[in-house]
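Working notes for the structure below.
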Amino acid sequence: MLIAYLTAGAPDINTTKEAVMKLAKKGADVIEIGVPYSDALADGAILQKASKQALMNGFHLDHLWNLLSEVNEIEVPLVILAYYNQIWHYGVEKWVKKLVAHNVKGLIVPDLPYEESKTLRQICDRYGLNIIWLISPTTNKTRAQELARACKDWIYVISRTGVTGLETEFDKQIPKLIGELKKVTKAPIALGFGISKSEQVKLVKSWGADGVIIGSACMQILLEKGVDQLSEWISVMKKSFCP
Amino acid sequence: MLNCTAFVAPLSNTTSFFLAKERFTRNSGRSVDNRRTLGRRARSQNPAARTVFLPSMLMTPERSVAADNATENVVPEEIEHGERVTDLRGRIGRYRSSVPDARGKFGPFGGKFVPETLISCLEELEEAYKKVSKDPTFQQELAQQLRDFAGRPTPLYFAERLTAHFARPDGSGMQIYLKREDLLHTGAHKINNALGQVLLARRMGRTRIIAETGAGQHGVATATVCARFGLPCVVYMGARDMERQKLNVFRMRLLGAEVRPVHTGTATLKDALSDAIRDWVTNPSTTHYVVGSVAGPHPYPAMVRDFHYVIGEEVYQQVQERHGPGRLPDILVACVGGGSNAIGLFRRFVDEPSVRFIGVEAAGRGLDTHEHAATLTKGSVGVLHGSMSYLLQDDDGQIVEAHSISAGLDYPGVGPEHAFMRDTGRAEYLSVTDEEALDAFQLVSGLEGILPALETSHAFAALKRINDTIPAGARPIVVVNCSGRGDKDVNTVITALKERNSPLVSGLDI
């Protein structure tokens, strides 16, 4: 499973739309769309820059809703990443309804730990939207297994402590963590943060992970080289994961 | 003389601490009206008892937690579901001094909205903090550092000429006292918290300290304490703030800290906080993040508050020394950016309903413009830097830039306990403009021989309006937290006064 990430509206919303379409054709199994945010705590330099660029270009939530209606036809599932303040300020129920109406399959909220998520969980359950929980190398075993059980779709394992970006060293605990999660869940496990090379993708697969999430590398290629180069690169990465 | 021991109260049962100590020193359950009577009664007790601070852990909790829990869950539905909440006054019950609860909530505010990687760090920090607040060795160590290194206790100074300035013709009006936190080492209250947290970090075996800073006062305080204990220190500072506060950048470098410019977002305090959090997420096992205000995820708002609790505790003692046992101040005034100096002053008195709390926010260029930092007055509820509180945001929930002439108030959020105090009616919040703060800066300098920080000048600027609320003939004791000294702001003030063609700067080629 190859999950490709795009920041909505970076460099502009039409490029995002084009990228979503092409990535879907070129091998992405899931496309994760990040909603630009002024204070994206979990993001490293590349994604912060992408967020900032989108906001400077006047990104609004309306652009996101338009984008989602325009890419409605693609067969690849879409997942939205947003910070909790964006969801909360919009209205949790309104937000979830909107995503479900646009055929979005999952929601990632990087600054919302399980303990604070009661309302969001209830509403997501009601409307049938999956919350994708993040598990970090610092998450203790019991908690990690609880989070894994709470996942109804796939599980996002963070490859190392830190923010998103191209720093490629994985935490030494990761193979063990994947093994422990496998014991308690059948849900697919995807590894994200710092993945940008074919060798890494192969390594992650050898640990038993079912997928990889590629974010910063995607946005770097998109912003520097454009949509076509990005989709070619993604097809190469896909071949590394599923030869 | 004040005895400088043990001011750290535990996270959740601070109430019992207050009540128990009150019983120890005077009587509990006293109402406002019989204050004087009880004051006389207190005098007949052993005078030594009055000045003894017992560490909170020696006290048995006796207040019923159930009583608090009954009102604990007064959380209106819209706070759960969101959508542009701007005011919950009258809807979340009364202020409860037992806050925060086990989840770090101050009513509907506070909490722990952080990336998963930090959850275990925060839990570890909470445990460690609970432990030291019950550890007499830690308390003694902190008390000794506060006394010998930082310079506590600070005086409570009667501002005679300022009092005369506002006096009515019959001599009534505010009796103005300044709590001289500006006299502390590094020139502001911030050192109380920096000392507490760095000592705690050492206990936790952390070998590296990080901090964020806006005006530079918290950065300087943290760098100072790190120099004192030989710990490496990285301070994140917005690139624009570095430009505005060069002097403090230099001070931090002299103290051995690395000042990392933050260029992301608006390149100010909020972005420095975000970058410090990112650093912490990257180095959670080696690093302690010294948050500089009563903001951030649980346990920071409670912990930072408790490290500043000493401010109000001293005021409590000092007012009695001057005016007799049992006498409480009537009005407490402090500026509010994140809100640490205000909470430090207020917190000792939260269960004294006769004491009025006034927090003063920065109205910048005016509340009718977008250039202000009046989060409580003009903001709406949201999540920023790990906790739910009021903040300045646009329709999409993007955090917007705050503005104030004082870099330390220039923050689009505010500590969750202030949000709780406002909406429960426990504290009032005013806002004053850059212009009013500048006037107060000059007024206090000229009348009292004290240059207040521009942040602090906001508190002074509110005095005129506060005076107007005082009934004829009354002479209330008003304590202003003189939270910092203004030397750091002289360049900013010169620039501002030049724009105003003030005679003070004429002929000065600075």
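In the structure tokens, the first chain shown is A, the next is B, and so on; residue numbers restart at 1 for each chain, and ligands run from 1 in the order shown.
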Contacts from chain B to chain A, 7 Å maximum, only C-alpha atoms: show me the residue list as a PyMOL selection string. chain B and resi 80-84+113-117+120+265+274+278+281-282+382-383+396-399
Residue subset to file, keeping N, CA, C and O atoms, as a CSV table (one decimal), in the first residue's frame:
```csv
chain,number,residue,atom,x,y,z
B,80,GLU,N,-17.9,21.2,23.1
B,80,GLU,CA,-17.5,19.9,22.6
B,80,GLU,C,-17.5,19.8,21.1
B,80,GLU,O,-16.7,19.2,20.4
B,81,HIS,N,-18.4,20.5,20.5
B,81,HIS,CA,-18.6,20.4,19.0
B,81,HIS,C,-18.0,21.5,18.2
B,81,HIS,O,-18.0,21.5,17.0
B,82,GLY,N,-17.6,22.6,18.9
B,82,GLY,CA,-16.9,23.6,18.2
B,82,GLY,C,-17.8,24.6,17.6
B,82,GLY,O,-19.0,24.8,18.0
B,83,GLU,N,-17.3,25.3,16.6
B,83,GLU,CA,-18.0,26.3,15.8
B,83,GLU,C,-18.0,27.7,16.5
B,83,GLU,O,-19.0,28.1,17.1
B,84,ARG,N,-17.0,28.4,16.4
B,84,ARG,CA,-16.9,29.8,16.7
B,84,ARG,C,-17.5,30.2,18.0
B,84,ARG,O,-18.4,31.0,18.1
B,113,PHE,N,-3.5,18.7,23.8
B,113,PHE,CA,-3.6,18.5,22.3
B,113,PHE,C,-2.3,18.5,21.7
B,113,PHE,O,-1.8,19.6,21.2
B,114,VAL,N,-1.6,17.4,21.7
B,114,VAL,CA,-0.2,17.3,21.2
B,114,VAL,C,-0.1,16.1,20.3
B,114,VAL,O,-0.8,15.1,20.5
B,115,PRO,N,1.0,16.1,19.5
B,115,PRO,CA,1.2,14.9,18.7
B,115,PRO,C,1.5,13.7,19.6
B,115,PRO,O,2.1,13.9,20.7
B,116,GLU,N,1.2,12.5,19.2
B,116,GLU,CA,1.3,11.3,20.0
B,116,GLU,C,2.7,11.1,20.6
B,116,GLU,O,2.8,10.7,21.7
B,117,THR,N,3.7,11.5,19.9
B,117,THR,CA,5.1,11.4,20.3
B,117,THR,C,5.3,12.0,21.7
B,117,THR,O,6.1,11.6,22.5
B,120,SER,N,3.9,10.5,26.0
B,120,SER,CA,4.7,9.9,27.1
B,120,SER,C,5.6,10.9,27.8
B,120,SER,O,5.8,10.8,29.0
B,265,GLY,N,6.0,30.9,9.6
B,265,GLY,CA,4.8,31.6,10.0
B,265,GLY,C,5.0,33.1,10.0
B,265,GLY,O,5.5,33.7,9.0
B,274,SER,N,6.0,27.0,18.4
B,274,SER,CA,5.8,25.8,17.6
B,274,SER,C,7.1,25.1,17.3
B,274,SER,O,7.2,23.9,17.3
B,278,ARG,N,8.4,21.4,18.1
B,278,ARG,CA,9.0,20.5,17.1
B,278,ARG,C,10.4,19.9,17.6
B,278,ARG,O,10.7,18.8,17.3
B,281,VAL,N,9.6,17.3,20.2
B,281,VAL,CA,9.1,16.1,19.5
B,281,VAL,C,10.3,15.3,19.0
B,281,VAL,O,10.3,14.0,18.9
B,282,THR,N,11.3,16.0,18.5
B,282,THR,CA,12.5,15.3,17.9
B,282,THR,C,13.4,14.7,19.0
B,282,THR,O,14.1,13.7,18.7
B,382,GLY,N,-10.5,27.9,20.9
B,382,GLY,CA,-9.8,27.1,19.9
B,382,GLY,C,-8.6,26.4,20.6
B,382,GLY,O,-8.4,26.5,21.8
B,383,VAL,N,-7.9,25.6,19.8
B,383,VAL,CA,-6.8,24.9,20.3
B,383,VAL,C,-5.5,25.4,19.7
B,383,VAL,O,-5.3,25.5,18.5
B,396,ASP,N,-11.4,30.3,9.0
B,396,ASP,CA,-11.0,28.9,8.8
B,396,ASP,C,-10.2,28.3,10.0
B,396,ASP,O,-9.7,27.2,9.8
B,397,GLY,N,-10.1,29.0,11.1
B,397,GLY,CA,-9.4,28.4,12.2
B,397,GLY,C,-7.9,28.6,12.0
B,397,GLY,O,-7.1,27.9,12.7
B,398,GLN,N,-7.4,29.4,11.1
B,398,GLN,CA,-6.0,29.7,11.0
B,398,GLN,C,-5.7,30.7,12.1
B,398,GLN,O,-6.4,31.7,12.3
B,399,ILE,N,-4.5,30.5,12.8
B,399,ILE,CA,-4.2,31.4,13.9
B,399,ILE,C,-3.6,32.7,13.2
B,399,ILE,O,-2.8,32.7,12.3
```
Long-range neighbours of Val157 of chain A as a ChimeraX atom specification, 10 Å cut-off, only C-alpha atoms, 5 positions minimum in chain: /A:133-137,144,148,174,177-178,181,189-193,209,211-213
Separation of atom CA of Val360 of chain B from atom CA of Ile277 of chain B, in Å and rounded to one decimal: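 That distance, rounded to one decimal, is 27.4 Å.
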If you run DSSP on the backbone, which residues of segment 110-208 of chain B are helix (DSSP H, G or I), as a tab-separated table (two decimals) with N, CA, C and O atoms, in the first residue's frame?
```tsv
chain	number	residue	atom	x	y	z
B	116	GLU	N	1.17	12.53	19.19
B	116	GLU	CA	1.30	11.30	19.98
B	116	GLU	C	2.70	11.14	20.59
B	116	GLU	O	2.83	10.70	21.73
B	117	THR	N	3.72	11.54	19.85
B	117	THR	CA	5.10	11.37	20.34
B	117	THR	C	5.31	12.03	21.70
B	117	THR	O	6.13	11.59	22.49
B	118	LEU	N	4.58	13.12	21.97
B	118	LEU	CA	4.81	13.86	23.21
B	118	LEU	C	3.99	13.34	24.38
B	118	LEU	O	4.24	13.73	25.53
B	119	ILE	N	3.03	12.48	24.12
B	119	ILE	CA	2.16	12.02	25.21
B	119	ILE	C	2.97	11.39	26.34
B	119	ILE	O	2.79	11.73	27.51
B	120	SER	N	3.92	10.53	25.99
B	120	SER	CA	4.68	9.88	27.06
B	120	SER	C	5.57	10.89	27.80
B	120	SER	O	5.75	10.78	29.01
B	121	CYS	N	6.10	11.89	27.07
B	121	CYS	CA	6.91	12.93	27.73
B	121	CYS	C	6.08	13.70	28.74
B	121	CYS	O	6.53	14.01	29.85
B	122	LEU	N	4.86	14.05	28.33
B	122	LEU	CA	4.01	14.84	29.22
B	122	LEU	C	3.61	14.03	30.44
B	122	LEU	O	3.53	14.56	31.55
B	123	GLU	N	3.38	12.73	30.23
B	123	GLU	CA	3.03	11.89	31.38
B	123	GLU	C	4.21	11.78	32.35
B	123	GLU	O	4.05	11.87	33.56
B	124	GLU	N	5.39	11.64	31.77
B	124	GLU	CA	6.59	11.55	32.61
B	124	GLU	C	6.79	12.86	33.39
B	124	GLU	O	7.10	12.87	34.58
B	125	LEU	N	6.59	13.97	32.69
B	125	LEU	CA	6.75	15.28	33.32
B	125	LEU	C	5.75	15.47	34.45
B	125	LEU	O	6.09	15.95	35.54
B	126	GLU	N	4.53	15.04	34.20
B	126	GLU	CA	3.48	15.18	35.21
B	126	GLU	C	3.83	14.37	36.46
B	126	GLU	O	3.71	14.87	37.59
B	127	GLU	N	4.29	13.15	36.25
B	127	GLU	CA	4.70	12.31	37.38
B	127	GLU	C	5.83	12.96	38.15
B	127	GLU	O	5.82	13.06	39.38
B	128	ALA	N	6.83	13.42	37.41
B	128	ALA	CA	8.01	14.01	38.05
B	128	ALA	C	7.61	15.27	38.82
B	128	ALA	O	8.08	15.51	39.94
B	129	TYR	N	6.71	16.02	38.24
B	129	TYR	CA	6.29	17.25	38.92
B	129	TYR	C	5.50	16.96	40.19
B	129	TYR	O	5.71	17.60	41.22
B	130	LYS	N	4.64	15.95	40.10
B	130	LYS	CA	3.89	15.56	41.30
B	130	LYS	C	4.85	15.14	42.40
B	130	LYS	O	4.66	15.46	43.57
B	131	LYS	N	5.89	14.42	42.00
B	131	LYS	CA	6.87	13.91	42.96
B	131	LYS	C	7.61	15.07	43.65
B	131	LYS	O	7.71	15.10	44.86
B	132	VAL	N	8.12	16.01	42.85
B	132	VAL	CA	8.90	17.09	43.48
B	132	VAL	C	8.03	18.00	44.33
B	132	VAL	O	8.51	18.59	45.30
B	136	PRO	N	10.44	17.53	50.11
B	136	PRO	CA	10.98	18.67	50.84
B	136	PRO	C	12.39	19.07	50.37
B	136	PRO	O	12.72	20.26	50.39
B	137	THR	N	13.19	18.11	49.94
B	137	THR	CA	14.54	18.45	49.47
B	137	THR	C	14.46	19.35	48.25
B	137	THR	O	15.18	20.35	48.14
B	138	PHE	N	13.57	18.98	47.32
B	138	PHE	CA	13.41	19.81	46.12
B	138	PHE	C	12.91	21.20	46.51
B	138	PHE	O	13.40	22.21	46.02
B	139	GLN	N	11.94	21.23	47.39
B	139	GLN	CA	11.35	22.50	47.79
B	139	GLN	C	12.39	23.41	48.43
B	139	GLN	O	12.43	24.61	48.17
B	140	GLN	N	13.24	22.80	49.26
B	140	GLN	CA	14.27	23.59	49.91
B	140	GLN	C	15.29	24.11	48.91
B	140	GLN	O	15.71	25.26	48.97
B	141	GLU	N	15.64	23.23	47.97
B	141	GLU	CA	16.61	23.61	46.95
B	141	GLU	C	16.06	24.79	46.14
B	141	GLU	O	16.75	25.79	45.91
B	142	LEU	N	14.80	24.68	45.75
B	142	LEU	CA	14.18	25.74	44.96
B	142	LEU	C	14.09	27.03	45.79
B	142	LEU	O	14.44	28.12	45.31
B	143	ALA	N	13.68	26.90	47.02
B	143	ALA	CA	13.53	28.08	47.87
B	143	ALA	C	14.89	28.78	48.04
B	143	ALA	O	14.97	30.01	48.00
B	144	GLN	N	15.92	27.98	48.19
B	144	GLN	CA	17.24	28.57	48.38
B	144	GLN	C	17.71	29.28	47.11
B	144	GLN	O	18.25	30.39	47.18
B	145	GLN	N	17.47	28.66	45.96
B	145	GLN	CA	17.86	29.31	44.70
B	145	GLN	C	17.05	30.58	44.48
B	145	GLN	O	17.57	31.58	43.99
B	146	LEU	N	15.76	30.52	44.82
B	146	LEU	CA	14.92	31.70	44.64
B	146	LEU	C	15.43	32.86	45.50
B	146	LEU	O	15.43	34.01	45.10
B	147	ARG	N	15.89	32.51	46.69
B	147	ARG	CA	16.37	33.54	47.60
B	147	ARG	C	17.76	34.04	47.20
B	147	ARG	O	17.97	35.22	46.98
B	148	ASP	N	18.70	33.10	47.06
B	148	ASP	CA	20.10	33.49	46.90
B	148	ASP	C	20.46	33.87	45.47
B	148	ASP	O	21.30	34.73	45.25
B	149	PHE	N	19.84	33.20	44.52
B	149	PHE	CA	20.22	33.46	43.13
B	149	PHE	C	19.27	34.48	42.49
B	149	PHE	O	19.70	35.39	41.80
B	150	ALA	N	17.98	34.32	42.75
B	150	ALA	CA	17.01	35.19	42.08
B	150	ALA	C	16.71	36.47	42.87
B	150	ALA	O	16.33	37.48	42.29
B	160	GLU	N	3.69	55.92	46.52
B	160	GLU	CA	3.10	57.09	47.16
B	160	GLU	C	2.66	58.16	46.16
B	160	GLU	O	1.54	58.66	46.21
B	161	ARG	N	3.55	58.44	45.22
B	161	ARG	CA	3.23	59.53	44.29
B	161	ARG	C	2.20	59.09	43.24
B	161	ARG	O	1.39	59.89	42.78
B	162	LEU	N	2.25	57.82	42.88
B	162	LEU	CA	1.24	57.31	41.96
B	162	LEU	C	-0.14	57.32	42.64
B	162	LEU	O	-1.15	57.67	42.04
B	163	THR	N	-0.14	56.95	43.91
B	163	THR	CA	-1.38	57.00	44.69
B	163	THR	C	-1.92	58.43	44.74
B	163	THR	O	-3.11	58.67	44.50
B	164	ALA	N	-1.02	59.38	45.00
B	164	ALA	CA	-1.43	60.78	45.06
B	164	ALA	C	-1.96	61.27	43.71
B	164	ALA	O	-2.92	62.03	43.64
B	165	HIS	N	-1.33	60.76	42.65
B	165	HIS	CA	-1.73	61.15	41.30
B	165	HIS	C	-3.19	60.82	41.02
B	165	HIS	O	-3.91	61.56	40.36
B	166	PHE	N	-3.63	59.65	41.52
B	166	PHE	CA	-5.00	59.21	41.26
B	166	PHE	C	-5.98	59.58	42.39
B	166	PHE	O	-7.16	59.31	42.29
B	181	GLU	N	8.51	42.56	41.18
B	181	GLU	CA	9.15	41.43	40.48
B	181	GLU	C	10.23	41.92	39.51
B	181	GLU	O	11.07	41.14	39.07
B	182	ASP	N	10.17	43.21	39.19
B	182	ASP	CA	11.20	43.76	38.30
B	182	ASP	C	12.58	43.78	38.97
B	182	ASP	O	13.59	43.90	38.29
B	183	LEU	N	12.59	43.65	40.29
B	183	LEU	CA	13.88	43.66	40.99
B	183	LEU	C	14.56	42.29	41.02
B	183	LEU	O	15.69	42.17	41.47
B	185	HIS	N	16.53	38.98	39.77
B	185	HIS	CA	17.61	38.73	38.84
B	185	HIS	C	17.04	38.49	37.44
B	185	HIS	O	16.03	37.78	37.31
B	186	THR	N	17.66	39.05	36.44
B	186	THR	CA	17.25	39.08	35.03
B	186	THR	C	16.08	40.02	34.76
B	186	THR	O	15.65	40.17	33.64
B	187	GLY	N	15.56	40.66	35.80
B	187	GLY	CA	14.67	41.78	35.56
B	187	GLY	C	13.20	41.49	35.34
B	187	GLY	O	12.46	42.37	34.90
B	190	LYS	N	9.95	36.03	35.34
B	190	LYS	CA	10.16	34.80	34.59
B	190	LYS	C	11.14	33.84	35.26
B	190	LYS	O	11.08	32.62	35.06
B	191	ILE	N	12.07	34.36	36.05
B	191	ILE	CA	13.10	33.52	36.65
B	191	ILE	C	12.51	32.51	37.66
B	191	ILE	O	13.07	31.43	37.85
B	192	ASN	N	11.37	32.85	38.28
B	192	ASN	CA	10.74	31.91	39.22
B	192	ASN	C	10.49	30.56	38.55
B	192	ASN	O	10.80	29.50	39.08
B	193	ASN	N	9.90	30.65	37.36
B	193	ASN	CA	9.54	29.46	36.61
B	193	ASN	C	10.76	28.78	35.99
B	193	ASN	O	10.87	27.56	36.00
B	194	ALA	N	11.69	29.59	35.50
B	194	ALA	CA	12.88	29.01	34.86
B	194	ALA	C	13.66	28.19	35.89
B	194	ALA	O	14.08	27.07	35.61
B	195	LEU	N	13.81	28.73	37.09
B	195	LEU	CA	14.51	28.00	38.14
B	195	LEU	C	13.78	26.70	38.48
B	195	LEU	O	14.39	25.63	38.56
B	196	GLY	N	12.49	26.81	38.68
B	196	GLY	CA	11.70	25.63	39.04
B	196	GLY	C	11.82	24.54	37.99
B	196	GLY	O	12.09	23.38	38.30
B	197	GLN	N	11.65	24.93	36.73
B	197	GLN	CA	11.65	23.91	35.68
B	197	GLN	C	13.03	23.32	35.42
B	197	GLN	O	13.17	22.13	35.14
B	198	VAL	N	14.06	24.15	35.50
B	198	VAL	CA	15.40	23.61	35.27
B	198	VAL	C	15.81	22.67	36.40
B	198	VAL	O	16.38	21.59	36.16
B	199	LEU	N	15.46	23.02	37.62
B	199	LEU	CA	15.74	22.10	38.74
B	199	LEU	C	14.99	20.78	38.53
B	199	LEU	O	15.52	19.70	38.76
B	200	LEU	N	13.76	20.89	38.06
B	200	LEU	CA	12.96	19.70	37.79
B	200	LEU	C	13.60	18.85	36.67
B	200	LEU	O	13.71	17.64	36.77
B	201	ALA	N	14.04	19.54	35.62
B	201	ALA	CA	14.66	18.84	34.49
B	201	ALA	C	15.91	18.07	34.95
B	201	ALA	O	16.17	16.95	34.52
B	202	ARG	N	16.66	18.70	35.86
B	202	ARG	CA	17.85	18.01	36.40
B	202	ARG	C	17.44	16.76	37.16
B	202	ARG	O	18.05	15.70	37.01
B	203	ARG	N	16.37	16.87	37.93
B	203	ARG	CA	15.86	15.70	38.63
B	203	ARG	C	15.47	14.58	37.68
B	203	ARG	O	15.59	13.40	37.98
```
May I ask for the distance between atom CA of Pro412 of chain B and atom CA of Leu391 of chain B, given in Å to one decimal place?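 So the answer is 5.4 Å.
From atom CA of Ala437 of chain B back to atom CA of Ala223 of chain B, the distance works out to 28.2 Å.
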Those in segment 24-218 of chain A with strand (DSSP E or B) from DSSP, as a VMD selection string: chain A and resid 30 to 34 78 to 81 104 to 108 130 to 131 134 to 135 155 to 158 189 to 192 211 to 214
